[in-house]
Number of protein chains: 2
Amino acid sequence: MDVLISEVGPRDGLQMLGFALPLQVKEDWIAAEAAAGVREIEVGSFVDYRALPQMADTAALVAHGRTIPGLTVAVLVPNLRGARAALEAGAHKLSIPLSVSEVHSKRNVNRDHAQMLSEIKAIRAAVDAVPEADRPHFEVGLSTAFGCSIAGPVAERDVVRLAVAALEAGAAEVGLSDTTGMGDPATVRSRIRAVRAEVGDRLTGVHLHNTRGLGLANAFSALEEGIATLDASLGGLGGCPAAPGASGNIVTEDLAFMLEAMGHRTGVDLDRLMAVRDVIRPALGDEPLHGFTPDAGLPQRRVPAA
Amino acid sequence: MDVLISEVGPRDGLQMLGFALPLQVKEDWIAAEAAAGVREIEVGSFVDYRALPQMADTAALVAHGRTIPGLTVAVLVPNLRGARAALEAGAHKLSIPLSVSEVHSKRNVNRDHAQMLSEIKAIRAAVDAVPEADRPHFEVGLSTAFGCSIAGPVAERDVVRLAVAALEAGAAEVGLSDTTGMGDPATVRSRIRAVRAEVGDRLTGVHLHNTRGLGLANAFSALEEGIATLDASLGGLGGCPAAPGASGNIVTEDLAFMLEAMGHRTGVDLDRLMAVRDVIRPALGDEPLHGFTPDAGLPQRRVPAA
């Protein structure tokens, strides 16, 4: 099937870095990855730049991304204020995190569920005020949908309940996020089915972390359920500083290799995707780029001549 | 379902090391991992110890393993001579690699397909000469079943053909090995189905590498097809020296976590399994132990008290 790889590295990856990448490096990264065939890139988030200086140039990145033909320029917004900035910048897609774990929601965006649902309603109104031709897509990502490292296990019924509530409040679609890397293939399948039973095809994507190495197994499970949008991060950037080697996000390069090997269509040129690493590596200092396929190399795809 | 994790680290892992672990360390490893609930361990291979000095103490390890109640002591044998040594030592299970790629077979064990099938017949006869109460299990592992790094792609029909031939020659069961880490979840499913269509439940296990990070996704695919025996290596030992970070085998710790999280029964105590790493780490020198779950830690399994 056609699968959309949504690159979240410039947002989810870089927000974990202890330093900010120069705007030019980010622009080169986004341009190179789009040229490799990645059709959607989350270029940053409209958060308070005093809290996350790595994201201070998000408006400039949206402007740059909009110049790349065929690229969907996505951004994360934590609240209405961020959404307004995203609309002003001209992002094609806005995502807001609604954490199923309420304690995580308070810690992450300083709002409980009721406050977040109000915020989603207000963002919907702001989005609808944009003329239809320029109106961006608006989705809600259900964070901690497979467990919370603060509150512990997260109940499936709460995931379903908040998916329904987010759509009622005005999201066009919802995604499930394994923020803490606590998901497994059976739970991924079960929760996708449970949410789909209530909201159908308005559940479109998953955002999986690789904290315990299960990221691609979980991705395969989601694909088997017909999920066709998968977030990933180049080099697995976004790793948890507390867990060496435990890259946060699934690695775009490994995911793209898996999808292509399975016969799915991603539009990505694997060799060009591998080369994108060279664009950002010089600017990363000691921050490692993860990924197995880039180290091992792509396997031979043809029988060699005798 | 009940899933058997077959630990291959003392064989597949250590044969890749540039040095030999002391016998005592190997014995402690095997004892600790058995005590953690792992029920089958491949303790070594009966190869020419001049070529692989790391495996010189395999007979002693078989003797030691036999003293551990409930443990299936498995060994790899490359040929009839190795099988005779395994029978003399008293191994519970013998595996011989039959590489689907004939060029790989010649390079690995210096025999073509016809010669290997003769060897399998001769081993069957030697095994059958053992009194029934002590007769070990004899299986054939179909190496390069998902591709060969020398010959390139491997055809599914050749995998099926050699599975049938190996059983006709006297193997009790066959397994599929992704020796080169070229498998993907769709191909794993397809080849398991194709082999099962011809030999049914006599295909029992898979041996998956993690060269391109797809090991657990492939394991999940095999589980979905009802495969209930999965090889793995503690700390992913067996990594390819040419591919930094690309651990060769799937990591026992990550696999056990995935299986338990999915609700499968492995008999393994995850905390005790993680602690086995401490048994071997001091003897490994600079050789890293891989694995995401050990770094990240096990997730909370209960809601914490308020």
# chains A, B, ... in the order shown; residues from 1 in each chain; ligands from 1
>>> closest_atom_pairs(of="chain A", to="chain B", cutoff="6 Å", atoms="only C-alpha atoms", output="tab-separated table")
residue	atom	partner	partner_atom	distance
A:Gly152	CA	B:Val303	CA	4.8
A:Pro153	CA	B:Val303	CA	6.0
A:Ala186	CA	B:Met262	CA	5.2
A:Arg212	CA	B:Thr293	CA	4.3
A:Gly213	CA	B:Phe292	CA	5.1
A:Leu216	CA	B:Ala217	CA	5.6
A:Ala217	CA	B:Ala217	CA	3.6
A:Ala243	CA	B:Ala296	CA	4.9
A:Ala246	CA	B:Phe292	CA	5.2
A:Met262	CA	B:Ala186	CA	5.2
A:Phe292	CA	B:Arg212	CA	4.6
A:Thr293	CA	B:Arg212	CA	4.3
A:Asp295	CA	B:Ala243	CA	5.1
A:Ala296	CA	B:Ala243	CA	5.0
A:Gln300	CA	B:Gly152	CA	5.6
A:Val303	CA	B:Gly152	CA	4.8
>>> residues_around(residues="B:Gly267", least_positions_apart="2", cutoff="9 Å", atoms="only C-alpha atoms", output="PDB file with N, CA and C atoms, in the first residue's frame")
ATOM      1  N   ASP B   2       2.584 -20.331  24.375  1.00  0.00           N
ATOM      2  CA  ASP B   2       3.883 -20.647  24.957  1.00  0.00           C
ATOM      3  C   ASP B   2       4.949 -20.458  23.883  1.00  0.00           C
ATOM      4  N   VAL B   3       5.944 -19.676  24.194  1.00  0.00           N
ATOM      5  CA  VAL B   3       7.016 -19.412  23.233  1.00  0.00           C
ATOM      6  C   VAL B   3       8.343 -19.829  23.857  1.00  0.00           C
ATOM      7  N   LEU B   4       9.127 -20.560  23.080  1.00  0.00           N
ATOM      8  CA  LEU B   4      10.445 -20.982  23.548  1.00  0.00           C
ATOM      9  C   LEU B   4      11.497 -20.017  23.019  1.00  0.00           C
ATOM     10  N   ALA B  36      17.195 -17.902  35.130  1.00  0.00           N
ATOM     11  CA  ALA B  36      16.239 -16.836  34.801  1.00  0.00           C
ATOM     12  C   ALA B  36      15.040 -17.372  34.024  1.00  0.00           C
ATOM     13  N   GLY B  37      15.098 -18.652  33.681  1.00  0.00           N
ATOM     14  CA  GLY B  37      13.929 -19.267  33.048  1.00  0.00           C
ATOM     15  C   GLY B  37      14.081 -19.613  31.578  1.00  0.00           C
ATOM     16  N   VAL B  38      15.272 -19.369  31.011  1.00  0.00           N
ATOM     17  CA  VAL B  38      15.495 -19.747  29.612  1.00  0.00           C
ATOM     18  C   VAL B  38      15.677 -21.267  29.566  1.00  0.00           C
ATOM     19  N   ARG B  39      14.890 -21.939  28.731  1.00  0.00           N
ATOM     20  CA  ARG B  39      14.815 -23.402  28.804  1.00  0.00           C
ATOM     21  C   ARG B  39      15.657 -24.118  27.765  1.00  0.00           C
ATOM     22  N   ARG B 265       3.703 -16.561  26.917  1.00  0.00           N
ATOM     23  CA  ARG B 265       4.351 -17.162  28.084  1.00  0.00           C
ATOM     24  C   ARG B 265       5.718 -17.698  27.673  1.00  0.00           C
ATOM     25  N   ASP B 269      11.955 -14.797  33.729  1.00  0.00           N
ATOM     26  CA  ASP B 269      11.857 -13.692  34.689  1.00  0.00           C
ATOM     27  C   ASP B 269      12.699 -12.539  34.131  1.00  0.00           C
TER      28      ASP B 269
END
>>> closest_residue(among="A:Asp158, A:Glu119, A:Asp134, A:Asp57", to="A:Leu87", atoms="only C-alpha atoms")
A:Asp134
>>> closest_residue(among="B:Arg50, B:His64, B:Arg107, B:Lys93", to="B:Gln24", atoms="only C-alpha atoms")
B:His64
>>> closest_residue(among="B:Arg202, B:Arg161, B:Arg135, B:His207", to="B:Gly9", atoms="only C-alpha atoms")
B:His207
>>> closest_residue(among="A:His137, A:Arg81, A:His209, A:Arg66", to="A:Gly170", atoms="only C-alpha atoms")
A:His137
>>> select_by_dssp(residues="stretch 61-166 of chain B", states="strand (DSSP E or B)", output="list of chain:residue names")
B:Thr72, B:Val73, B:Ala74, B:Val75, B:Leu76, B:Lys93, B:Leu94, B:Ser95, B:Ile96, B:Pro97, B:Leu98, B:Ser99, B:His137, B:Phe138, B:Glu139, B:Val140, B:Gly141, B:Leu142, B:Ser143, B:Cys148, B:Gly152
>>> write_last_selection(atoms="C-alpha atoms", output="mmCIF file, in the first residue's frame")
data_model
loop_
_atom_site.group_PDB
_atom_site.id
_atom_site.type_symbol
_atom_site.label_atom_id
_atom_site.label_comp_id
_atom_site.auth_asym_id
_atom_site.auth_seq_id
_atom_site.Cartn_x
_atom_site.Cartn_y
_atom_site.Cartn_z
ATOM 1 C CA THR B 72 17.748 -28.392 26.808
ATOM 2 C CA VAL B 73 21.430 -28.370 25.854
ATOM 3 C CA ALA B 74 21.714 -27.599 22.145
ATOM 4 C CA VAL B 75 24.824 -27.541 19.966
ATOM 5 C CA LEU B 76 25.635 -26.708 16.392
ATOM 6 C CA LYS B 93 19.734 -31.254 20.468
ATOM 7 C CA LEU B 94 21.905 -31.059 17.344
ATOM 8 C CA SER B 95 21.484 -28.441 14.656
ATOM 9 C CA ILE B 96 23.269 -28.419 11.335
ATOM 10 C CA PRO B 97 23.213 -25.468 8.932
ATOM 11 C CA LEU B 98 22.064 -26.170 5.383
ATOM 12 C CA SER B 99 22.544 -22.962 3.457
ATOM 13 C CA HIS B 137 16.726 -34.110 18.717
ATOM 14 C CA PHE B 138 18.140 -33.364 15.275
ATOM 15 C CA GLU B 139 17.191 -30.308 13.279
ATOM 16 C CA VAL B 140 18.392 -28.539 10.166
ATOM 17 C CA GLY B 141 18.657 -24.763 10.061
ATOM 18 C CA LEU B 142 18.151 -23.371 6.570
ATOM 19 C CA SER B 143 20.748 -20.590 6.454
ATOM 20 C CA CYS B 148 22.708 -14.148 0.794
ATOM 21 C CA GLY B 152 22.178 -11.880 -3.496
#
>>> residues_around(residues="B:Val279", least_positions_apart="6", cutoff="10 Å", atoms="only C-alpha atoms", output="PyMOL selection string")
chain B and resi 25-26+28-30+32-33
>>> atom_distance(atom1="atom CA of B:Lys106", atom2="atom CA of B:Leu208")
21.4 Å
